[in-house]
Structure formats: C-alpha cells, structure tokens
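**Q** Here it is: the structure, laid out below.
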Amino acid sequence: MAKDGTMRGGPRPGQGRPRKALVDKIQDGTANSARVMSEPAEFVGADVPPVKEYMKATQKNGKGLAAPEIYANTYAWLQARGCDKLVSPQLIEQYAMSVSRWIQCEECISEYGFLAKHPTTGNAIASPYVAMSRDYMKQVNSTWFAIYQIVKENCSVDYSGPNPQDDVMERLLRARNGGR
C-alpha cells in the first residue's frame with residue numbers, strides 16, 4: 001500500500017507463498033490447473049547446439065575457457081529433464097561464461113594472492129580479482145536460480161539429483177590442481 005492509501009502495482013513477483021514444483025503438484029493430485037505435457041518421444045543422437053566462438057576463445061594468459069564444457073553439461077542436464085526447449089540458449093551461455101570467468105578469477109587469486117600493490121602509493125590493497133570473483137559468483141547464482149526455477153516449474157519428472165551447479169566447485173579445484 002502506498003503512503004496515500006492506494007493499492008498501486010499489485011503483488012510483486014516472488015512475494016507470498018513459494019510456487020510448488022510441477023512434480024509435487026502431480027504427486028499431491030493438485031495438478032488440475034497445471035498443463036501436464038505428454039512424454040516426449042525418445043530421440044537418439046540429439047546433440048548439444050554448437051558452442052559460440054567467443055566461448056572457445058583463447059584468453060590473454062594463453063588458457064582456454066571452461067565455458068564450452070559447462071555449456072554442454074548444463075544443456076545435457078536440461079535435455080535429460082526435457083526442459084532444453086524451455087530455457088533460452090542465451091541464459092545457458094550466460095551461465096557458462098559466468099562460471100568460466102569465476103574460475104578464471106579464482107585461478108588469478110591462487111596465482112597472485114589476495115593482496116595487490118596500489119598503482120600510485122605502492123601500499124598493499126585488496127586484490128581486484130577478489131571483488132571480481134565475488135561479482136561473478138553472484139551472477140552465476142542468479143542465472144542458475146533462473147534456470148533451476150524454469151526446470152522446477154515445468155518438469156513433470158523428478159528434477160533432483162546431481163546438477164551442473166554441484167560440479168562448479170569440483171571444476172575450480174581441478175583447475176587449481178593443474179587439471180588432475
């Protein structure tokens with residue numbers, strides 16, 4: 001309610017009770033208003049769409065990005081749940097690039113440390129990679145939650161289990177240990 005006593009704008013998205021997942025509605029028997037889609041036909045040999053060139057570019061330090069692998073894993077996870085057509089390819093690309101940039105920042109923190117030298121005074125300051133890493137991690141989480149929400153609301157089968165977001169820390173640890 002506004003200060004003048006009027007109700008403007010109505011309810012905001014995300015306020016109130018959280019929306020139930022479709023699979024939960026089906027199990028509870030309250031999926032009457034939900035549109036349950038028929039099971040898709042089994043197709044063999046469905047490939048991941050080609051990865052854009054900018055996601056495969058060699059970086060200034062000579063290393064490649066992890067974005068193509070992250071993109072393929074995320075797309076395969078969506079395909080297994082039958083939600084690959086519901087999620088925009090740009091959202092998957094944004095997620096993959098954000099994760100790979102976050103990993104790149106974490107590698108720089110491992111290489112250069114948490115402190116940097118101020119360019120004019122020479123005093124110790126916090127490394128800019130720490131702030132960039134934090135910003136990319138926020139972006140990773142927000143894009144993953146957007147993807148996961150689409151899956152949760154539209155998946156008529158169980159959508160739990162291992163997902164690409166669970167694998168992010170493992171990727172980072174592998175990158176720090178030199179790929180072992």
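Scheme for the structure tokens: letters A, B, ... for chains in order shown; per-chain residue numbers from 1; ligand numbers from 1 in order shown.
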Give me the residues near Lys138 (chain A) as a list in words, where near means some atom within 12 Å (using only C-alpha atoms) and where sequence neighbours in that chain fewer than 6 positions away do not count.
**A**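 Selected residues are Tyr95, Ser98, Val99, Arg101, Trp102, Ala131, Met132, Trp144 and Phe145 of chain A.
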**Q** How far is it from CA of Leu65 (chain A) to CA of Met97 (chain A), in Å with one decimal?
**A** 8.2 Å
**Q** Identify all residues of region 32-149 of chain A in alpha helix (DSSP H) (DSSP on the backbone) and supply them as JSON, numbers by chain.
**A** {"A": [67, 68, 69, 70, 71, 72, 73, 74, 75, 76, 77, 78, 79, 80, 89, 90, 91, 92, 93, 94, 95, 96, 97, 98, 99, 100, 101, 102, 103, 104, 105, 106, 107, 108, 109, 110, 111, 112, 128, 129, 130, 131, 132, 133, 134, 135, 136, 137, 138, 139, 140, 141, 142, 143, 144, 145, 146, 147, 148, 149]}
**Q** Need the shell around Ala116 (chain A): protein/DNA/RNA residues with any atom at most 6 Å away, counting only C-alpha atoms. Skip same-chain ones fewer than 5 positions apart. Format as a PDB file with C-alpha atoms, in the first residue's frame?
**A**
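The new file out-v8.pdb reads:
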```pdb
ATOM      1  CA  ALA A 124      49.088  -3.071  -0.171  1.00  0.00           C
ATOM      2  CA  ILE A 125      45.445  -3.181  -1.235  1.00  0.00           C
ATOM      3  CA  ALA A 126      42.915  -5.952  -1.687  1.00  0.00           C
ATOM      4  CA  SER A 127      43.310  -7.771  -4.977  1.00  0.00           C
TER       5      SER A 127
END
```
**Q** Extract, using only C-alpha atoms, all DNA, RNA and protein residues at most 9 Å from Val87 (chain A), discarding same-chain residues fewer than 3 positions from it, and format them as a list of chain:residue names.
**A**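 Returned residues: A:Leu78, A:Cys83, A:Asp84, A:Gln90, A:Leu91, A:Ile92, A:Ile147, A:Ile150, A:Val151.
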**Q** What lies within 10 Å of Gly113 (chain A) using only C-alpha atoms, ignoring chain neighbours under 4 positions off, as a PyMOL selection string?
**A** chain A and resi 106-109+126-127+129-130
**Q** I need the residues from that last selection saved to file as a PDB file, in the first residue's frame (with C-alpha atoms), if you can.
**A**
```
ATOM      1  CA  GLU A 106      39.862 -17.811  -8.710  1.00  0.00           C
ATOM      2  CA  GLU A 107      42.898 -19.039 -10.659  1.00  0.00           C
ATOM      3  CA  CYS A 108      44.280 -15.479 -10.610  1.00  0.00           C
ATOM      4  CA  ILE A 109      43.720 -15.246  -6.865  1.00  0.00           C
ATOM      5  CA  ALA A 126      42.915  -5.952  -1.687  1.00  0.00           C
ATOM      6  CA  SER A 127      43.310  -7.771  -4.977  1.00  0.00           C
ATOM      7  CA  TYR A 129      40.310 -10.348  -8.502  1.00  0.00           C
ATOM      8  CA  VAL A 130      38.595 -10.973  -5.166  1.00  0.00           C
TER       9      VAL A 130
END
```
